[in-house]
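See below for the structure under consideration.
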Amino acid sequence: AQSVAQPEDQVNVAEGNPLTVKCTYSVSGNPYLFWYVQYPNRGLQFLLKYITGDNLVKGSYGFEAEFNKSQTSFHLKKPSALVSDSALYFCAVKGRGNTPLVFGKGTRLSVIA
Amino acid sequence: DAGVIQSPRHEVTEMGQEVTLRCKPISGHNSLFWYRQTMMRGLELLIYFNNNVPIDDSGMPEDRFSAKMPNASFSTLKIQPSEPRDSAVYFCASSATGEGNEQFFGPGTRLTVL
């Protein structure tokens with residue numbers, strides 16, 4: 001069965017500093033990997049995805065993520081954090097074929113001015 | 001594009017009452033998903049449809065929950081009878097056909113069962 005782990009419930013970072021939100025996954029075969037962001041009282045918004053090809057994926061709002069097959073990781077990164085980046089971030093994985101998208105429990109990012 | 005539309009945005013009801021949540025997916029999307037989000041359990045997939053056909057309803061918690069998709073532009077999630085533990089935010093999402101396509105989420109319905 002496929003699964004996603006987001007080992008940190010909360011990440012705090014100072015504005016202007018780089019940020020990393022961690023994600024590891026377990027799936028049979030090659031994965032599809034996604035990051036979503038949720039602002040208060042809103043639905044999830046798609047940030048970026050890895051399908052195949054280049055391991056470094058760039059997405060919305062300056063975010064990027066690196067697919068590392070050997071470490072089964074897909075960490076979300078941004079070079080310089082903004083206060084407006086404060087939100088709940090979800091990693092998700094899907095296997096090939098008719099399999100559902102599985103979400104992690106989410107990591108709350110707090111960017112402090 | 002208006003995105004995924006859900007109604008109502010907020011619902012407060014009393015235990016035992018029937019609750020119906022509604023969703024209009026993005027036009028052209030063939031897959032529709034219903035999720036439930038709570039602090040304790042996080043985001044849970046309840047059921048999903050492909051081309052209006054239910055594919056996997058293993059996440060539906062009990063027989064009190066039912067979902068329908070009578071056409072490509074409308075789906076309902078019904079709880080009858082409702083219980084306080086059903087209180088949560090319910091999200092609908094849709095995606096285009098294709099394994100690697102991302103899901104687009106609606107704003108959610110916040111359900112409170114008293």
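By order in the structure tokens, chains are A, B, ...; within a chain, residues start at 1; ligands start at 1, following the order shown.
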Tell me, counting only C-alpha atoms, for each residue of stretch 10-85 of chain B within 12 Å of stretch 30-43 of chain A, which pair of atoms is nearest and how far apart they are in Å to one decimal, in rows ordered by chain and increasing number, as JSON lines.
```
{"residue": "B:His10", "atom": "CA", "partner": "A:Asn41", "partner_atom": "CA", "distance": 11.0}
{"residue": "B:Tyr35", "atom": "CA", "partner": "A:Gly43", "partner_atom": "CA", "distance": 10.7}
{"residue": "B:Arg36", "atom": "CA", "partner": "A:Gly43", "partner_atom": "CA", "distance": 11.3}
{"residue": "B:Gln37", "atom": "CA", "partner": "A:Gly43", "partner_atom": "CA", "distance": 10.3}
{"residue": "B:Leu43", "atom": "CA", "partner": "A:Gly43", "partner_atom": "CA", "distance": 11.2}
```
Using the selection just defined, write its residues with all heavy atoms as a PDB file, in the first residue's frame.
```
ATOM      1  N   HIS B  10     -21.350  26.609   4.632  1.00  0.00           N
ATOM      2  CA  HIS B  10     -21.485  26.265   6.045  1.00  0.00           C
ATOM      3  C   HIS B  10     -22.842  25.615   6.261  1.00  0.00           C
ATOM      4  O   HIS B  10     -23.831  26.024   5.652  1.00  0.00           O
ATOM      5  CB  HIS B  10     -21.368  27.515   6.926  1.00  0.00           C
ATOM      6  CG  HIS B  10     -20.082  28.256   6.765  1.00  0.00           C
ATOM      7  ND1 HIS B  10     -18.949  27.954   7.484  1.00  0.00           N
ATOM      8  CD2 HIS B  10     -19.747  29.282   5.943  1.00  0.00           C
ATOM      9  CE1 HIS B  10     -17.973  28.773   7.118  1.00  0.00           C
ATOM     10  NE2 HIS B  10     -18.427  29.585   6.197  1.00  0.00           N
ATOM     11  N   TYR B  35     -13.668  14.363  -0.037  1.00  0.00           N
ATOM     12  CA  TYR B  35     -12.769  14.210   1.095  1.00  0.00           C
ATOM     13  C   TYR B  35     -13.438  14.782   2.343  1.00  0.00           C
ATOM     14  O   TYR B  35     -14.314  15.641   2.278  1.00  0.00           O
ATOM     15  CB  TYR B  35     -11.467  14.983   0.873  1.00  0.00           C
ATOM     16  CG  TYR B  35     -10.565  14.467  -0.206  1.00  0.00           C
ATOM     17  CD1 TYR B  35     -10.693  14.898  -1.520  1.00  0.00           C
ATOM     18  CD2 TYR B  35      -9.534  13.572   0.087  1.00  0.00           C
ATOM     19  CE1 TYR B  35      -9.845  14.436  -2.514  1.00  0.00           C
ATOM     20  CE2 TYR B  35      -8.673  13.109  -0.897  1.00  0.00           C
ATOM     21  CZ  TYR B  35      -8.837  13.557  -2.192  1.00  0.00           C
ATOM     22  OH  TYR B  35      -7.982  13.102  -3.177  1.00  0.00           O
ATOM     23  N   ARG B  36     -12.927  14.320   3.489  1.00  0.00           N
ATOM     24  CA  ARG B  36     -13.334  14.881   4.767  1.00  0.00           C
ATOM     25  C   ARG B  36     -12.071  15.264   5.524  1.00  0.00           C
ATOM     26  O   ARG B  36     -11.100  14.488   5.547  1.00  0.00           O
ATOM     27  CB  ARG B  36     -14.137  13.847   5.568  1.00  0.00           C
ATOM     28  CG  ARG B  36     -14.569  14.310   6.936  1.00  0.00           C
ATOM     29  CD  ARG B  36     -15.510  13.318   7.599  1.00  0.00           C
ATOM     30  NE  ARG B  36     -14.865  12.060   7.952  1.00  0.00           N
ATOM     31  CZ  ARG B  36     -15.490  11.077   8.603  1.00  0.00           C
ATOM     32  NH1 ARG B  36     -16.767  11.212   8.936  1.00  0.00           N
ATOM     33  NH2 ARG B  36     -14.844   9.963   8.886  1.00  0.00           N
ATOM     34  N   GLN B  37     -12.087  16.444   6.137  1.00  0.00           N
ATOM     35  CA  GLN B  37     -10.913  16.903   6.885  1.00  0.00           C
ATOM     36  C   GLN B  37     -11.295  17.235   8.315  1.00  0.00           C
ATOM     37  O   GLN B  37     -12.214  18.021   8.566  1.00  0.00           O
ATOM     38  CB  GLN B  37     -10.284  18.138   6.224  1.00  0.00           C
ATOM     39  CG  GLN B  37      -8.981  18.569   6.885  1.00  0.00           C
ATOM     40  CD  GLN B  37      -8.357  19.775   6.191  1.00  0.00           C
ATOM     41  OE1 GLN B  37      -9.040  20.667   5.700  1.00  0.00           O
ATOM     42  NE2 GLN B  37      -7.024  19.804   6.127  1.00  0.00           N
ATOM     43  N   LEU B  43      -6.884  14.570   6.369  1.00  0.00           N
ATOM     44  CA  LEU B  43      -7.651  14.551   5.122  1.00  0.00           C
ATOM     45  C   LEU B  43      -7.908  13.101   4.726  1.00  0.00           C
ATOM     46  O   LEU B  43      -6.977  12.330   4.529  1.00  0.00           O
ATOM     47  CB  LEU B  43      -6.850  15.279   4.038  1.00  0.00           C
ATOM     48  CG  LEU B  43      -7.557  15.639   2.751  1.00  0.00           C
ATOM     49  CD1 LEU B  43      -8.650  16.662   3.029  1.00  0.00           C
ATOM     50  CD2 LEU B  43      -6.560  16.202   1.760  1.00  0.00           C
TER      51      LEU B  43
END
```
Practice prompt. Provide as a VMD selection string the residues of chain B at most 8 Å from chain A, counting only C-alpha atoms.
Written response: chain B and resid 42 to 43 91 99 to 100 102 to 108
Quick one: write out the picked residues with N, CA and C atoms as an mmCIF file, in the first residue's frame?
```
data_model
loop_
_atom_site.group_PDB
_atom_site.id
_atom_site.type_symbol
_atom_site.label_atom_id
_atom_site.label_comp_id
_atom_site.auth_asym_id
_atom_site.auth_seq_id
_atom_site.Cartn_x
_atom_site.Cartn_y
_atom_site.Cartn_z
ATOM 1 N N GLY B 42 -7.083 14.253 9.929
ATOM 2 C CA GLY B 42 -6.496 14.824 8.733
ATOM 3 C C GLY B 42 -7.444 14.748 7.557
ATOM 4 N N LEU B 43 -6.884 14.570 6.369
ATOM 5 C CA LEU B 43 -7.651 14.551 5.122
ATOM 6 C C LEU B 43 -7.908 13.101 4.726
ATOM 7 N N PHE B 91 -14.597 18.365 1.471
ATOM 8 C CA PHE B 91 -14.087 18.936 0.229
ATOM 9 C C PHE B 91 -14.477 18.057 -0.948
ATOM 10 N N GLU B 99 -3.489 9.756 -15.294
ATOM 11 C CA GLU B 99 -2.976 9.338 -13.986
ATOM 12 C C GLU B 99 -2.259 10.442 -13.248
ATOM 13 N N GLY B 100 -1.490 11.233 -13.946
ATOM 14 C CA GLY B 100 -0.652 12.220 -13.276
ATOM 15 C C GLY B 100 -1.281 13.586 -13.140
ATOM 16 N N GLU B 102 -3.306 16.670 -11.637
ATOM 17 C CA GLU B 102 -3.571 17.128 -10.285
ATOM 18 C C GLU B 102 -5.062 17.319 -10.068
ATOM 19 N N GLN B 103 -5.436 17.252 -8.788
ATOM 20 C CA GLN B 103 -6.810 17.493 -8.404
ATOM 21 C C GLN B 103 -6.983 18.966 -8.033
ATOM 22 N N PHE B 104 -8.132 19.494 -8.378
ATOM 23 C CA PHE B 104 -8.486 20.865 -8.026
ATOM 24 C C PHE B 104 -9.591 20.802 -6.972
ATOM 25 N N PHE B 105 -9.357 21.478 -5.868
ATOM 26 C CA PHE B 105 -10.265 21.394 -4.731
ATOM 27 C C PHE B 105 -11.239 22.572 -4.692
ATOM 28 N N GLY B 106 -12.439 22.284 -4.228
ATOM 29 C CA GLY B 106 -13.392 23.335 -3.930
ATOM 30 C C GLY B 106 -13.088 23.976 -2.585
ATOM 31 N N PRO B 107 -13.863 24.987 -2.211
ATOM 32 C CA PRO B 107 -13.608 25.710 -0.962
ATOM 33 C C PRO B 107 -14.034 24.954 0.284
ATOM 34 N N GLY B 108 -14.803 23.887 0.092
ATOM 35 C CA GLY B 108 -15.218 23.087 1.228
ATOM 36 C C GLY B 108 -16.554 23.508 1.815
#
```
Enumerate as a VMD selection string all residues of chain A assigned to strand (DSSP E) by DSSP on the backbone, naming them with the chain letters and numbers the document uses.
chain A and resid 3 to 5 10 to 14 19 to 21 24 to 26 32 to 38 44 to 50 56 to 58 64 to 68 73 to 78 87 to 94 102 to 103 107 to 112
What lies within 8 Å of A:Asn17 using only C-alpha atoms, ignoring chain neighbours under 3 positions off, as a PDB file with C-alpha atoms, in the first residue's frame?
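What ended up in out-v1.pdb:
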```pdb
ATOM      1  CA  VAL A  13      11.457  29.843   9.693  1.00  0.00           C
ATOM      2  CA  ALA A  14      12.443  33.488   9.663  1.00  0.00           C
ATOM      3  CA  PRO A  79      15.112  29.939  -1.275  1.00  0.00           C
ATOM      4  CA  SER A  80      13.624  32.876   0.610  1.00  0.00           C
ATOM      5  CA  ALA A  81      10.513  32.527   2.761  1.00  0.00           C
TER       6      ALA A  81
END
```
### Task
Do a neighbour search on B:Gly59 at 8 Å with only C-alpha atoms, toss out local chain neighbours closer than 6 positions, and write the hits as a VMD selection string.
chain B and resid 44 to 47
- Task: Using atom CA of B:Cys92 and atom CA of B:Gln6 as the two end points, give the distance in Å to one decimal.
- Result: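 Here the two named atoms are 7.1 Å from each other.
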Atom pair atom CA of B:Arg9 + atom CA of B:Ile55, distance 26.2 Å
Worksheet item: Which residues come within 10 Å of B:Val53, counting only C-alpha atoms, excluding same-chain residues fewer than 6 positions away, as a list in words?
Response: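 My list of contacting residues is Asn30, Ser31, Leu32, Lys68, Met69, Pro70, Asn71 and Ala72 of chain B.
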What would the file look like if the residues just selected were written as a tab-separated table (two decimals), in the first residue's frame with all heavy atoms?
```tsv
chain	number	residue	atom	x	y	z
B	30	ASN	N	-13.18	14.57	-15.63
B	30	ASN	CA	-13.90	13.31	-15.62
B	30	ASN	C	-13.84	12.58	-14.28
B	30	ASN	O	-14.51	11.56	-14.11
B	30	ASN	CB	-13.34	12.38	-16.70
B	30	ASN	CG	-13.58	12.92	-18.08
B	30	ASN	OD1	-14.49	13.71	-18.30
B	30	ASN	ND2	-12.75	12.51	-19.02
B	31	SER	N	-13.00	13.06	-13.38
B	31	SER	CA	-12.88	12.41	-12.09
B	31	SER	C	-13.31	13.37	-10.98
B	31	SER	O	-12.98	14.55	-11.02
B	31	SER	CB	-11.43	11.96	-11.83
B	31	SER	OG	-11.02	11.00	-12.78
B	32	LEU	N	-14.05	12.83	-10.01
B	32	LEU	CA	-14.53	13.65	-8.90
B	32	LEU	C	-14.28	12.91	-7.60
B	32	LEU	O	-14.48	11.69	-7.52
B	32	LEU	CB	-16.02	13.95	-9.06
B	32	LEU	CG	-16.62	14.87	-8.00
B	32	LEU	CD1	-17.59	15.87	-8.63
B	32	LEU	CD2	-17.31	14.09	-6.91
B	68	LYS	N	-23.70	10.37	-4.85
B	68	LYS	CA	-24.20	10.14	-6.19
B	68	LYS	C	-23.57	11.14	-7.15
B	68	LYS	O	-23.16	12.24	-6.77
B	68	LYS	CB	-25.72	10.29	-6.23
B	68	LYS	CG	-26.47	9.24	-5.44
B	68	LYS	CD	-27.97	9.44	-5.57
B	68	LYS	CE	-28.72	8.38	-4.78
B	68	LYS	NZ	-30.20	8.56	-4.90
B	69	MET	N	-23.54	10.74	-8.40
B	69	MET	CA	-23.10	11.65	-9.46
B	69	MET	C	-24.00	11.39	-10.66
B	69	MET	O	-23.66	10.59	-11.54
B	69	MET	CB	-21.63	11.44	-9.81
B	69	MET	CG	-21.09	12.54	-10.67
B	69	MET	SD	-19.29	12.53	-10.73
B	69	MET	CE	-19.02	14.02	-11.68
B	70	PRO	N	-25.15	12.04	-10.70
B	70	PRO	CA	-26.14	11.77	-11.75
B	70	PRO	C	-25.70	12.23	-13.13
B	70	PRO	O	-26.19	11.69	-14.13
B	70	PRO	CB	-27.37	12.53	-11.27
B	70	PRO	CG	-26.85	13.58	-10.36
B	70	PRO	CD	-25.64	13.00	-9.71
B	71	ASN	N	-24.79	13.21	-13.18
B	71	ASN	CA	-24.26	13.66	-14.47
B	71	ASN	C	-22.87	14.25	-14.26
B	71	ASN	O	-22.39	14.35	-13.12
B	71	ASN	CB	-25.22	14.67	-15.12
B	71	ASN	CG	-25.47	15.86	-14.24
B	71	ASN	OD1	-24.56	16.61	-13.91
B	71	ASN	ND2	-26.73	16.04	-13.84
B	72	ALA	N	-22.25	14.62	-15.35
B	72	ALA	CA	-20.84	15.04	-15.30
B	72	ALA	C	-20.63	16.36	-14.57
B	72	ALA	O	-19.49	16.73	-14.28
B	72	ALA	CB	-20.30	15.14	-16.71
```
